$ cat data_1.txt   # compact mmCIF, C-alpha atoms
# COMPACT_ATOMS: atom_id res chain seq x y z
CA MET A 1 146.71 -48.06 114.32
CA LEU A 2 143.07 -47.18 114.59
CA THR A 3 142.57 -43.50 113.74
CA LYS A 4 140.62 -40.88 115.61
CA ARG A 5 137.58 -39.94 113.54
CA ILE A 6 136.16 -36.59 112.43
CA ILE A 7 132.42 -36.73 111.84
CA PRO A 8 130.33 -33.91 110.40
CA CYS A 9 126.76 -34.10 111.64
CA LEU A 10 123.88 -33.18 109.39
CA ASP A 11 120.71 -32.25 111.25
CA VAL A 12 118.05 -32.76 108.63
CA LYS A 13 114.62 -31.23 108.34
CA ASN A 14 112.62 -31.79 105.15
CA GLU A 15 115.73 -33.04 103.31
CA ARG A 16 117.65 -29.86 104.11
CA VAL A 17 120.38 -29.47 106.66
CA VAL A 18 119.65 -27.10 109.50
CA LYS A 19 121.56 -26.15 112.58
CA GLY A 20 120.47 -24.38 115.70
CA THR A 21 122.03 -23.23 118.93
CA ASN A 22 121.14 -25.14 122.11
CA PHE A 23 118.66 -27.20 120.08
CA ILE A 24 116.63 -24.16 118.82
CA ASN A 25 116.88 -21.29 116.25
CA LEU A 26 117.33 -23.29 113.04
CA ARG A 27 119.43 -22.03 110.12
CA ASP A 28 119.45 -23.59 106.63
CA ALA A 29 122.81 -25.00 105.47
CA GLY A 30 121.93 -26.66 102.12
CA THR A 31 120.59 -30.01 100.94
CA ALA A 32 121.67 -33.11 102.81
CA VAL A 33 122.94 -34.93 99.72
CA ASP A 34 125.06 -31.99 98.49
CA LEU A 35 126.62 -31.47 101.87
CA ALA A 36 127.28 -35.20 102.30
CA GLN A 37 129.15 -35.27 99.00
CA ARG A 38 131.17 -32.21 99.97
CA TYR A 39 132.25 -33.78 103.27
CA TYR A 40 133.12 -37.07 101.59
CA GLU A 41 135.40 -35.22 99.18
CA GLU A 42 136.93 -33.14 101.97
CA GLY A 43 138.04 -36.25 103.88
CA ALA A 44 135.39 -36.77 106.57
CA ASP A 45 135.82 -40.21 108.16
CA GLU A 46 132.14 -40.79 108.63
CA LEU A 47 128.84 -38.89 108.61
CA VAL A 48 125.87 -38.72 110.95
CA PHE A 49 122.37 -37.73 109.82
CA LEU A 50 119.82 -36.84 112.45
CA ASP A 51 116.26 -36.15 111.44
CA ILE A 52 115.68 -33.61 114.14
CA THR A 53 111.96 -33.34 113.67
CA ALA A 54 111.29 -37.02 113.43
CA SER A 55 110.74 -37.89 117.09
CA GLU A 56 108.16 -35.15 117.34
CA GLU A 57 106.30 -35.64 114.10
CA LYS A 58 106.87 -39.37 113.67
CA ARG A 59 107.96 -38.97 110.08
CA LYS A 60 109.59 -41.85 108.23
CA THR A 61 111.24 -40.03 105.36
CA LEU A 62 114.70 -41.15 106.34
CA VAL A 63 114.72 -44.12 103.98
CA LYS A 64 114.56 -41.82 100.96
CA LEU A 65 117.43 -39.74 102.31
CA VAL A 66 119.53 -42.83 103.06
CA LYS A 67 119.05 -44.10 99.53
CA SER A 68 120.23 -40.85 97.95
CA VAL A 69 123.17 -40.44 100.31
CA ALA A 70 124.38 -44.04 99.87
CA LYS A 71 124.62 -43.44 96.11
CA VAL A 72 127.09 -40.57 96.43
CA ILE A 73 129.38 -41.33 99.36
CA ARG A 74 131.80 -44.22 100.02
CA ILE A 75 132.30 -43.73 103.74
CA PRO A 76 130.15 -45.07 106.57
CA PHE A 77 127.18 -43.15 107.86
CA THR A 78 124.76 -43.29 110.76
CA VAL A 79 121.14 -42.21 110.68
CA GLY A 80 118.89 -41.34 113.55
CA GLY A 81 115.67 -39.62 114.40
CA GLY A 82 112.32 -41.25 114.98
CA ILE A 83 113.58 -44.83 114.71
CA SER A 84 111.37 -46.90 116.94
CA SER A 85 111.25 -50.48 115.68
CA VAL A 86 113.33 -53.31 114.27
CA ASN A 87 111.49 -52.81 110.97
CA ASP A 88 112.57 -49.15 110.81
CA ILE A 89 116.16 -50.22 111.43
CA SER A 90 116.02 -52.96 108.84
CA ASP A 91 114.71 -50.51 106.20
CA LEU A 92 117.50 -48.04 106.86
CA LEU A 93 120.32 -50.59 106.91
CA ASN A 94 119.00 -52.35 103.81
CA ASN A 95 119.07 -49.07 101.94
CA GLY A 96 122.72 -48.35 102.66
CA ALA A 97 123.05 -46.90 106.17
CA ASP A 98 125.81 -48.54 108.22
CA LYS A 99 124.52 -47.72 111.65
CA ILE A 100 121.37 -46.38 113.18
CA SER A 101 121.17 -44.26 116.29
CA LEU A 102 118.50 -44.69 118.94
CA ASN A 103 117.62 -41.94 121.37
CA THR A 104 114.07 -41.36 122.67
CA SER A 105 112.87 -44.80 121.57
CA ALA A 106 115.68 -46.51 123.49
CA VAL A 107 114.79 -44.68 126.70
CA LYS A 108 111.15 -45.63 126.28
CA ASN A 109 111.96 -49.20 125.27
CA PRO A 110 115.52 -50.23 126.24
CA GLN A 111 114.85 -53.72 124.86
CA LEU A 112 114.99 -52.21 121.35
CA ILE A 113 118.77 -51.79 121.72
CA TYR A 114 119.11 -55.46 122.70
CA GLU A 115 116.96 -56.67 119.82
CA ALA A 116 118.70 -54.46 117.27
CA ALA A 117 122.16 -55.57 118.40
CA LYS A 118 121.13 -59.21 118.31
CA ILE A 119 119.79 -58.99 114.77
CA PHE A 120 122.11 -56.47 113.12
CA GLY A 121 125.20 -56.65 115.33
CA SER A 122 126.45 -54.15 117.93
CA GLN A 123 128.51 -52.32 115.32
CA ALA A 124 125.27 -51.11 113.72
CA VAL A 125 123.67 -49.78 116.89
CA VAL A 126 124.59 -46.33 118.22
CA ALA A 127 123.04 -45.00 121.41
CA ALA A 128 122.52 -41.25 120.97
CA ILE A 129 122.38 -39.63 124.38
CA ASP A 130 121.60 -35.96 125.02
CA ILE A 131 122.75 -34.82 128.43
CA LYS A 132 122.22 -31.68 130.47
CA LYS A 133 123.57 -30.69 133.86
CA ILE A 134 120.77 -30.20 136.38
CA SER A 135 122.12 -28.81 139.64
CA LYS A 136 125.04 -31.19 140.30
CA SER A 137 124.15 -34.23 138.24
CA TYR A 138 123.86 -34.99 134.53
CA LYS A 139 120.44 -36.00 133.24
CA VAL A 140 119.39 -37.67 129.99
CA PHE A 141 117.00 -35.62 127.87
CA ILE A 142 114.73 -37.03 125.17
CA LYS A 143 112.39 -35.80 122.42
CA GLY A 144 115.03 -33.60 120.83
CA GLY A 145 116.19 -32.26 124.15
CA LYS A 146 112.75 -31.12 125.29
CA VAL A 147 111.94 -33.66 127.98
CA ASP A 148 113.93 -34.68 131.05
CA SER A 149 113.83 -38.49 131.19
CA ASN A 150 114.95 -38.43 134.83
CA LEU A 151 117.66 -40.95 133.96
CA GLU A 152 121.10 -40.30 135.40
CA ALA A 153 123.52 -39.91 132.47
CA PHE A 154 126.41 -42.18 133.50
CA GLU A 155 124.00 -44.92 134.55
CA TRP A 156 122.20 -44.79 131.22
CA CYS A 157 125.48 -44.84 129.29
CA LYS A 158 126.52 -48.00 131.10
CA LYS A 159 123.10 -49.54 130.60
CA VAL A 160 123.06 -49.02 126.81
CA THR A 161 126.39 -50.79 126.43
CA GLU A 162 125.14 -53.71 128.55
CA LEU A 163 122.14 -53.93 126.23
CA GLY A 164 124.43 -54.16 123.20
CA ALA A 165 124.94 -50.67 121.80
CA GLY A 166 128.27 -50.63 119.94
CA GLU A 167 128.91 -46.92 120.22
CA ILE A 168 127.75 -43.89 122.21
CA LEU A 169 127.04 -40.56 120.56
CA LEU A 170 127.15 -38.20 123.50
CA THR A 171 125.77 -34.69 123.04
CA SER A 172 126.14 -32.07 125.73
CA MET A 173 123.08 -29.82 125.47
CA ASP A 174 124.76 -27.23 127.64
CA LYS A 175 127.64 -27.02 125.17
CA ASP A 176 125.77 -27.54 121.89
CA GLY A 177 126.12 -24.54 119.58
CA THR A 178 128.17 -22.52 122.05
CA LYS A 179 131.59 -23.18 120.47
CA SER A 180 133.13 -23.19 123.92
CA GLY A 181 134.54 -26.74 123.70
CA TYR A 182 133.23 -30.25 124.36
CA ASP A 183 132.23 -31.33 127.86
CA ILE A 184 135.69 -32.69 128.67
CA LYS A 185 134.97 -33.63 132.24
CA PHE A 186 132.02 -35.80 131.30
CA LEU A 187 133.91 -37.45 128.42
CA ASP A 188 136.88 -38.16 130.62
CA ASN A 189 134.68 -39.93 133.17
CA LEU A 190 132.55 -41.69 130.58
CA THR A 191 135.43 -43.20 128.63
CA LYS A 192 136.71 -44.72 131.89
CA ILE A 193 133.47 -46.58 132.59
CA VAL A 194 132.36 -47.84 129.16
CA ASN A 195 134.26 -50.09 126.76
CA VAL A 196 132.66 -48.99 123.48
CA PRO A 197 133.77 -46.14 121.19
CA VAL A 198 132.47 -42.71 122.24
CA ILE A 199 131.63 -39.89 119.83
CA ALA A 200 131.89 -36.47 121.45
CA SER A 201 129.29 -33.96 120.35
CA GLY A 202 128.28 -30.42 121.26
CA GLY A 203 130.51 -27.40 121.70
CA ALA A 204 133.30 -27.64 119.10
CA GLY A 205 134.57 -24.17 118.22
CA ASN A 206 138.20 -24.60 117.21
CA PRO A 207 140.83 -27.31 116.55
CA LEU A 208 142.04 -27.29 120.15
CA HIS A 209 138.58 -28.42 121.30
CA PHE A 210 138.89 -31.56 119.17
CA LEU A 211 142.34 -32.29 120.55
CA GLU A 212 141.05 -31.90 124.12
CA ALA A 213 138.18 -34.34 123.50
CA PHE A 214 140.47 -36.94 121.92
CA ASN A 215 142.91 -36.59 124.81
CA ALA A 216 139.98 -37.13 127.19
CA GLY A 217 139.40 -40.52 125.54
CA ALA A 218 136.86 -39.75 122.80
CA ASP A 219 137.23 -41.97 119.72
CA ALA A 220 135.48 -39.60 117.36
CA CYS A 221 134.47 -35.95 117.39
CA LEU A 222 131.35 -34.63 115.82
CA ALA A 223 130.62 -31.07 114.73
CA ALA A 224 128.01 -29.40 112.57
CA SER A 225 127.84 -25.63 112.10
CA LEU A 226 131.60 -25.29 112.30
CA PHE A 227 131.91 -27.37 109.12
CA HIS A 228 128.65 -26.32 107.41
CA TYR A 229 129.59 -22.65 107.32
CA LYS A 230 133.26 -23.41 106.54
CA GLU A 231 134.61 -21.86 109.70
CA LEU A 232 136.81 -24.91 109.91
CA VAL A 233 137.97 -27.08 106.98
CA ILE A 234 138.23 -30.82 107.71
CA LYS A 235 141.60 -31.18 105.93
CA ASP A 236 143.17 -28.39 107.99
CA LEU A 237 141.72 -29.78 111.21
CA LYS A 238 143.10 -33.24 110.42
CA LYS A 239 146.56 -31.87 109.63
CA TYR A 240 146.54 -30.03 112.95
CA LEU A 241 145.55 -33.15 114.91
CA SER A 242 148.12 -35.25 113.10
CA LYS A 243 150.85 -32.73 113.93
CA LYS A 244 149.77 -32.95 117.55
CA GLY A 245 150.59 -36.66 117.46
CA LEU A 246 147.17 -38.26 116.95
CA THR A 247 146.66 -41.10 114.45
CA ILE A 248 144.58 -39.53 111.70
CA ARG A 249 143.60 -40.59 108.17
CA LEU A 250 144.92 -37.70 106.06
CA MET B 1 127.41 -61.71 85.63
CA ILE B 2 128.18 -61.08 89.31
CA ALA B 3 125.90 -62.54 91.96
CA LEU B 4 125.60 -60.41 95.08
CA ILE B 5 124.15 -62.77 97.68
CA ASP B 6 121.20 -61.37 99.60
CA TYR B 7 120.67 -63.43 102.74
CA GLY B 8 118.87 -60.90 104.86
CA ALA B 9 121.87 -60.10 107.05
CA GLY B 10 123.97 -58.36 104.43
CA ASN B 11 124.13 -54.74 103.45
CA THR B 12 123.58 -55.28 99.74
CA ALA B 13 122.70 -51.63 99.01
CA SER B 14 126.19 -50.25 99.61
CA VAL B 15 127.94 -52.94 97.61
CA SER B 16 125.40 -52.65 94.80
CA ASN B 17 125.87 -48.87 94.64
CA LEU B 18 129.56 -49.48 94.15
CA LEU B 19 128.97 -52.15 91.48
CA ILE B 20 126.74 -49.66 89.64
CA GLU B 21 129.49 -47.03 89.82
CA LEU B 22 131.88 -49.58 88.27
CA ASN B 23 129.38 -50.39 85.48
CA SER B 24 129.33 -54.01 86.51
CA ASP B 25 126.65 -56.45 85.39
CA PHE B 26 125.18 -57.94 88.56
CA ILE B 27 122.14 -59.37 90.26
CA ILE B 28 121.13 -59.37 93.91
CA THR B 29 119.90 -62.86 94.68
CA SER B 30 119.52 -65.70 97.15
CA ASP B 31 118.57 -68.17 94.44
CA LYS B 32 121.02 -71.06 94.22
CA ARG B 33 120.59 -71.52 90.46
CA GLU B 34 121.43 -67.85 89.82
CA ILE B 35 124.43 -68.08 92.14
CA SER B 36 125.79 -71.24 90.55
CA LYS B 37 125.52 -69.64 87.08
CA ALA B 38 127.39 -66.46 88.10
CA ASP B 39 130.95 -65.71 86.98
CA LYS B 40 131.81 -64.12 90.31
CA ILE B 41 130.09 -64.11 93.67
CA ILE B 42 130.12 -61.58 96.49
CA LEU B 43 128.92 -62.39 100.02
CA PRO B 44 128.48 -59.10 101.88
CA GLY B 45 128.11 -59.14 105.61
CA VAL B 46 126.65 -57.15 108.41
CA GLY B 47 125.04 -58.82 111.35
CA GLU B 48 125.42 -61.79 113.57
CA ALA B 49 127.12 -65.05 112.52
CA SER B 50 124.73 -67.74 113.77
CA SER B 51 121.66 -66.00 112.31
CA ALA B 52 123.55 -65.42 109.05
CA MET B 53 124.38 -69.14 108.82
CA LYS B 54 120.73 -70.00 109.46
CA GLU B 55 119.74 -67.78 106.55
CA LEU B 56 122.31 -69.43 104.27
CA GLU B 57 120.94 -72.82 105.32
CA LYS B 58 117.38 -71.66 104.68
CA TYR B 59 118.28 -70.79 101.09
CA GLU B 60 120.25 -74.07 100.77
CA LEU B 61 123.42 -72.13 100.02
CA VAL B 62 125.88 -73.82 102.38
CA ASP B 63 126.92 -76.76 100.19
CA LEU B 64 126.60 -74.66 97.08
CA ILE B 65 129.05 -72.03 98.32
CA LYS B 66 131.57 -74.69 99.38
CA SER B 67 131.51 -76.16 95.89
CA ILE B 68 131.97 -72.87 94.03
CA THR B 69 135.06 -72.75 91.81
CA LYS B 70 134.53 -69.21 90.49
CA PRO B 71 136.07 -66.20 92.28
CA PHE B 72 134.20 -65.59 95.52
CA LEU B 73 134.57 -62.55 97.78
CA GLY B 74 133.36 -62.48 101.39
CA ILE B 75 133.18 -59.07 103.04
CA CYS B 76 133.41 -58.58 106.83
CA LEU B 77 131.03 -61.20 108.29
CA GLY B 78 131.07 -62.71 104.80
CA MET B 79 134.80 -63.38 105.25
CA GLN B 80 134.35 -64.79 108.75
CA LEU B 81 131.67 -67.18 107.48
CA LEU B 82 134.30 -68.73 105.18
CA CYS B 83 136.09 -70.08 108.25
CA ASN B 84 135.40 -73.35 110.11
CA GLN B 85 133.57 -71.84 113.06
CA THR B 86 133.19 -68.68 115.10
CA GLU B 87 132.99 -67.77 118.76
CA GLU B 88 130.05 -65.54 117.80
CA GLY B 89 127.04 -67.60 118.87
CA ASN B 90 129.38 -70.65 118.67
CA ALA B 91 128.28 -71.12 115.09
CA SER B 92 129.67 -73.60 112.60
CA CYS B 93 130.52 -71.78 109.40
CA LEU B 94 131.21 -72.70 105.77
CA GLU B 95 134.43 -74.62 106.56
CA VAL B 96 136.36 -73.38 103.55
CA ILE B 97 139.29 -72.07 105.60
CA PRO B 98 140.38 -74.12 108.65
CA VAL B 99 140.44 -71.35 111.24
CA THR B 100 138.30 -70.38 114.23
CA VAL B 101 137.00 -66.80 114.34
CA LYS B 102 137.69 -65.23 117.74
CA LYS B 103 136.32 -62.37 119.81
CA PHE B 104 138.55 -59.37 120.50
CA ASP B 105 139.69 -59.56 124.10
CA THR B 106 142.58 -57.19 124.69
CA LYS B 107 142.62 -54.96 127.73
CA GLY B 108 142.49 -51.29 126.83
CA PHE B 109 140.96 -51.88 123.40
CA LYS B 110 137.32 -50.98 122.95
CA ILE B 111 134.87 -53.33 121.28
CA PRO B 112 133.77 -53.13 118.47
CA HIS B 113 136.95 -52.33 116.54
CA MET B 114 135.34 -49.47 114.71
CA GLY B 115 136.86 -46.98 112.31
CA TRP B 116 139.78 -46.57 109.92
CA ASN B 117 142.84 -48.72 110.45
CA ASN B 118 145.90 -49.38 108.30
CA ILE B 119 146.71 -52.75 106.77
CA THR B 120 150.08 -54.32 106.16
CA ASN B 121 150.15 -55.75 102.71
CA ASN B 122 152.42 -58.79 103.02
CA ASN B 123 152.35 -60.39 99.59
CA SER B 124 151.49 -59.75 95.96
CA GLU B 125 147.83 -60.69 96.24
CA ASN B 126 145.84 -59.72 93.13
CA LEU B 127 142.97 -58.42 95.22
CA LEU B 128 145.33 -55.91 96.84
CA SER B 129 147.03 -54.88 93.62
CA ASP B 130 148.08 -51.19 93.61
CA ILE B 131 147.02 -50.74 97.22
CA LYS B 132 149.86 -49.06 99.05
CA ASP B 133 151.29 -50.59 102.20
CA GLU B 134 149.75 -49.12 105.38
CA GLU B 135 146.68 -47.83 103.52
CA PHE B 136 143.62 -47.11 105.71
CA PHE B 137 140.38 -49.07 105.42
CA TYR B 138 137.12 -48.93 107.35
CA PHE B 139 136.54 -51.71 109.89
CA ALA B 140 133.49 -52.41 112.10
CA HIS B 141 133.63 -55.75 113.90
CA SER B 142 133.94 -57.44 117.29
CA PHE B 143 135.25 -60.81 116.05
CA TYR B 144 138.40 -61.43 114.02
CA VAL B 145 140.13 -64.06 111.93
CA PRO B 146 143.51 -64.87 113.57
CA LEU B 147 146.65 -64.89 111.44
CA ASN B 148 146.90 -68.17 109.53
CA ASN B 149 148.45 -69.74 106.43
CA PHE B 150 145.82 -68.07 104.27
CA THR B 151 146.29 -64.52 105.56
CA THR B 152 147.13 -62.11 102.73
CA SER B 153 147.26 -58.83 104.67
CA THR B 154 147.21 -57.96 108.35
CA CYS B 155 145.86 -55.32 110.68
CA ASN B 156 146.56 -54.62 114.35
CA TYR B 157 144.08 -53.91 117.12
CA GLY B 158 145.74 -55.05 120.30
CA VAL B 159 146.39 -58.27 118.39
CA ASN B 160 147.54 -58.86 114.82
CA PHE B 161 144.69 -60.31 112.77
CA SER B 162 143.80 -61.07 109.15
CA ALA B 163 142.69 -58.00 107.20
CA SER B 164 142.29 -60.29 104.19
CA ILE B 165 142.52 -64.01 103.48
CA ARG B 166 142.54 -66.24 100.45
CA TYR B 167 142.17 -69.94 99.80
CA LYS B 168 142.17 -70.87 96.10
CA ASN B 169 139.22 -68.96 94.59
CA PHE B 170 137.86 -67.82 97.97
CA TYR B 171 138.83 -64.27 98.94
CA GLY B 172 137.85 -62.49 102.11
CA VAL B 173 138.32 -58.96 103.45
CA GLN B 174 137.55 -58.00 107.04
CA PHE B 175 137.19 -54.29 106.24
CA HIS B 176 134.40 -52.78 104.19
CA PRO B 177 135.69 -51.88 100.71
CA GLU B 178 132.30 -50.37 99.88
CA LYS B 179 132.83 -47.87 102.73
CA SER B 180 136.56 -47.28 102.38
CA ALA B 181 136.64 -44.35 99.93
CA GLN B 182 138.71 -44.68 96.71
CA GLN B 183 141.02 -47.40 98.05
CA GLY B 184 137.96 -49.55 98.79
CA THR B 185 136.59 -49.00 95.31
CA LYS B 186 139.97 -50.16 94.00
CA ILE B 187 139.64 -53.47 95.89
CA ILE B 188 136.29 -54.22 94.27
CA LYS B 189 137.67 -53.17 90.90
CA ASN B 190 140.59 -55.57 91.43
CA PHE B 191 138.18 -58.38 92.30
CA LEU B 192 136.19 -57.73 89.12
CA GLU B 193 139.20 -57.40 86.83
CA LEU B 194 142.08 -59.43 88.27
CA CYS B 195 140.67 -62.26 90.34

$ encode --input "data_1.txt" --output "C-alpha cells"
Amino acid sequence: MLTKRIIPCLDVKNERVVKGTNFINLRDAGTAVDLAQRYYEEGADELVFLDITASEEKRKTLVKLVKSVAKVIRIPFTVGGGISSVNDISDLLNNGADKISLNTSAVKNPQLIYEAAKIFGSQAVVAAIDIKKISKSYKVFIKGGKVDSNLEAFEWCKKVTELGAGEILLTSMDKDGTKSGYDIKFLDNLTKIVNVPVIASGGAGNPLHFLEAFNAGADACLAASLFHYKELVIKDLKKYLSKKGLTIRL
Amino acid sequence: MIALIDYGAGNTASVSNLLIELNSDFIITSDKREISKADKIILPGVGEASSAMKELEKYELVDLIKSITKPFLGICLGMQLLCNQTEEGNASCLEVIPVTVKKFDTKGFKIPHMGWNNITNNNSENLLSDIKDEEFFYFAHSFYVPLNNFTTSTCNYGVNFSASIRYKNFYGVQFHPEKSAQQGTKIIKNFLELC
C-alpha cells in the first residue's frame, strides 16, 4: 500500500535554512545540506526546498544547492522559488532534483505548468499554492505571500491539475507558523475535487495535527520549524501515525 | 565500464551520484560506440515516453539497445520503454518485452502514483537479492507495466502491476532505486555485482 508521507520543508535563504511565522520574522536553523542529511537519516520520506527570497530577488542559486543536496541524500526532493522558465526547470532536474514547484510564475503564466508537464512529466511538476482567507473566501497569494492574486483558491487548484501539475503543495498562510493545526476544512474540500496527491502545509504543532490532515485526505504532510528545532522527531511521529492505523514507512 | 545513457529526458545526476558512492567506473553518454563498448548499461527515466523515444531515435540508439547482450537496466520510464508500446502519447517503444504500458485508471486512486509503496518479491531474481519481501520503494509514475510473463516483482495501486521485469539480459524497475534510501542502493549494487 502507498504510504502517507512526512516531508520536512527547508526554507532557504543564502544557503541557510530559515523559518518565520506567518511568512515573516526569520530564524536561522542551520545549513541546508546539513539539515537535509539529518532528515534523510531520521527517516523523512521526501524533502522540499523553497528559496524564499528567490521570487523577490530573482536569484538563481538553486542549482548549486540542488547539486550539493543530491550528493548526500537518497530520497526524492522538490525545489521551488523563483523558477520561471522551462530552462530553469531543466537545470534543476538535470542536477538531481526530482520535482520542481511553481508558485508565482504559474499564476503569471499558467502555460508554464502545461509546458513543464509535457516535457518533464506531471510527476515532476508541483503547484505550490499559498492561500489566505479573505472575508468568506480563500484567495491565492503570490510573491512569498505578499500579493493577493485575486484568484479563488479552489478554482486555481482545479486549474493547475487540468494544466498538468502532478501534485499540489497547499500552504495555509493563516495557519503557517501558528502550530494550531493544518487547515482541515480546506484540505477536506480540496481532496474531494482534485485527483492528484495533496501535500498539506502550514500549522503543524503536534502529531495529532498530522493525523487530522491525513484523515482529511492529504497524501503528505509538510512541516518546518517543528522538525528544525527538534520539537518533534520524525521517527516518533511516524510510529504514532502507524499505531493510529496509517500506512507509514518506518 | 558502465554506460549511463543520457538522452535528455533522464535524471542522470541522481543515478550518477549513486554510482559514485558505489565507486563504480562509469560514463554518462549518448554515443552509440561508447554504449556498445560498455559492460553494463543503465537507461534512467524521467519524462514523457514519446519525446523520450524521439531522443533515442535522434541518437540512433533504438536498434543498438535492442541488440545489446550485456546486462541492461531500465529505470522507471526506462523500464516502460523496454516494452512494445505505451498509452503515453501512443508511442512505439523498444519492443524488447511484448507488453503494452497502460495508464492508471482506478476510481479512488490519485494520479500520479507518487510515494513509497511496498513490493512483493515473487521469485529469486538476482536484481532483488537480499531485498526483503514487502520492502518500500519510491514510485512516481502515471503509467504502468501490467503483470506479464516477465514480471519479477509486483506492486499494488488499485491494480497489481510490475514493480520489476526481466527478459534475458534486460532488467527493468518501475521504482527509483536512486531515490529509495538504502534498499534502492542495494538494487544498484546487485545490478553491478550479480547481474

$ residues_around --input "data_1.txt" --residues "B:Pro98" --least-positions-apart "2" --cutoff "9 Å" --atoms "only C-alpha atoms" --output "number ranges by chain"
B: 82-85, 95-96, 100, 148

$ closest_residue --input "data_1.txt" --among "B:Pro71, B:Gly115, B:Gly47, B:Gly89" --to "A:Glu46" --atoms "all atoms listed in the file"
B:Gly115

$ residues_around --input "data_1.txt" --residues "A:Ala224" --least-positions-apart "5" --cutoff "8 Å" --atoms "only C-alpha atoms" --output "compact mmCIF listing (two decimals) with C-alpha atoms, in the frame of the given file"
# COMPACT_ATOMS: atom_id res chain seq x y z
CA PRO A 8 130.33 -33.91 110.40
CA CYS A 9 126.76 -34.10 111.64
CA LEU A 10 123.88 -33.18 109.39
CA ASP A 11 120.71 -32.25 111.25
CA LYS A 19 121.56 -26.15 112.58

$ interface_residues --input "data_1.txt" --of "chain B" --to "chain A" --cutoff "6 Å" --atoms "all atoms listed in the file" --output "PyMOL selection string"
chain B and resi 11+13-14+17+47-48+110-111+116-117+140+179-181

$ residues_around --input "data_1.txt" --residues "B:Glu125" --least-positions-apart "4" --cutoff "9 Å" --atoms "only C-alpha atoms" --output "PyMOL selection string"
chain B and resi 121+129+152-153+166

$ atom_distance --input "data_1.txt" --atom1 "atom CA of B:Leu81" --atom2 "atom CA of B:Cys93"
5.1 Å

$ residues_around --input "data_1.txt" --residues "stretch 126-137 of chain A" --least-positions-apart "3" --cutoff "8 Å" --atoms "all atoms listed in the file" --output "VMD selection string"
chain A and resid 99 to 103 106 123 140 to 142 145 152 to 153 157 160 165 to 174

$ closest_residue --input "data_1.txt" --among "B:Asp105, B:Glu34, B:Glu178, B:Glu88" --to "B:Phe139" --atoms "only C-alpha atoms"
B:Glu178

$ residues_around --input "data_1.txt" --residues "A:Ala32" --least-positions-apart "5" --cutoff "6 Å" --atoms "all atoms listed in the file" --output "CSV table (one decimal) with C-alpha atoms, keeping the file's coordinate frame"
chain,number,residue,atom,x,y,z
A,15,GLU,CA,115.7,-33.0,103.3
A,16,ARG,CA,117.6,-29.9,104.1
A,17,VAL,CA,120.4,-29.5,106.7

$ closest_residue --input "data_1.txt" --among "A:Tyr114, A:Leu92, A:Asp176, A:Lys146" --to "A:Lys159" --atoms "all atoms listed in the file"
A:Tyr114

$ closest_residue --input "data_1.txt" --among "B:Cys195, B:Met79, B:Leu18, B:Cys155" --to "B:Leu43" --atoms "all atoms listed in the file"
B:Met79

$ residues_near_point --input "data_1.txt" --point "(115.1, -70.1, 95.5)" --cutoff "12 Å" --atoms "all atoms listed in the file" --output "VMD selection string"
chain B and resid 5 to 7 29 to 36 56 to 61

$ closest_residue --input "data_1.txt" --among "B:Thr120, B:Gln183, B:Ser142, B:Asn190" --to "B:Asn156" --atoms "only C-alpha atoms"
B:Thr120

$ closest_residue --input "data_1.txt" --among "B:Ala49, B:Ile20, B:Leu128, B:Val99" --to "B:Leu147" --atoms "only C-alpha atoms"
B:Val99

$ atom_distance --input "data_1.txt" --atom1 "atom CA of A:Phe186" --atom2 "atom CA of A:Lys238"
23.8 Å

$ axis_aligned_box --input "data_1.txt" --around "stretch 132-148 of chain A" --padding-each-side "4 Å" --output "JSON"
{"center_x": 118.5, "center_y": -33.2, "center_z": 130.6, "size_x": 21.1, "size_y": 16.9, "size_z": 27.5}

$ atom_distance --input "data_1.txt" --atom1 "atom CA of B:Pro44" --atom2 "atom CA of B:Gly78"
5.3 Å
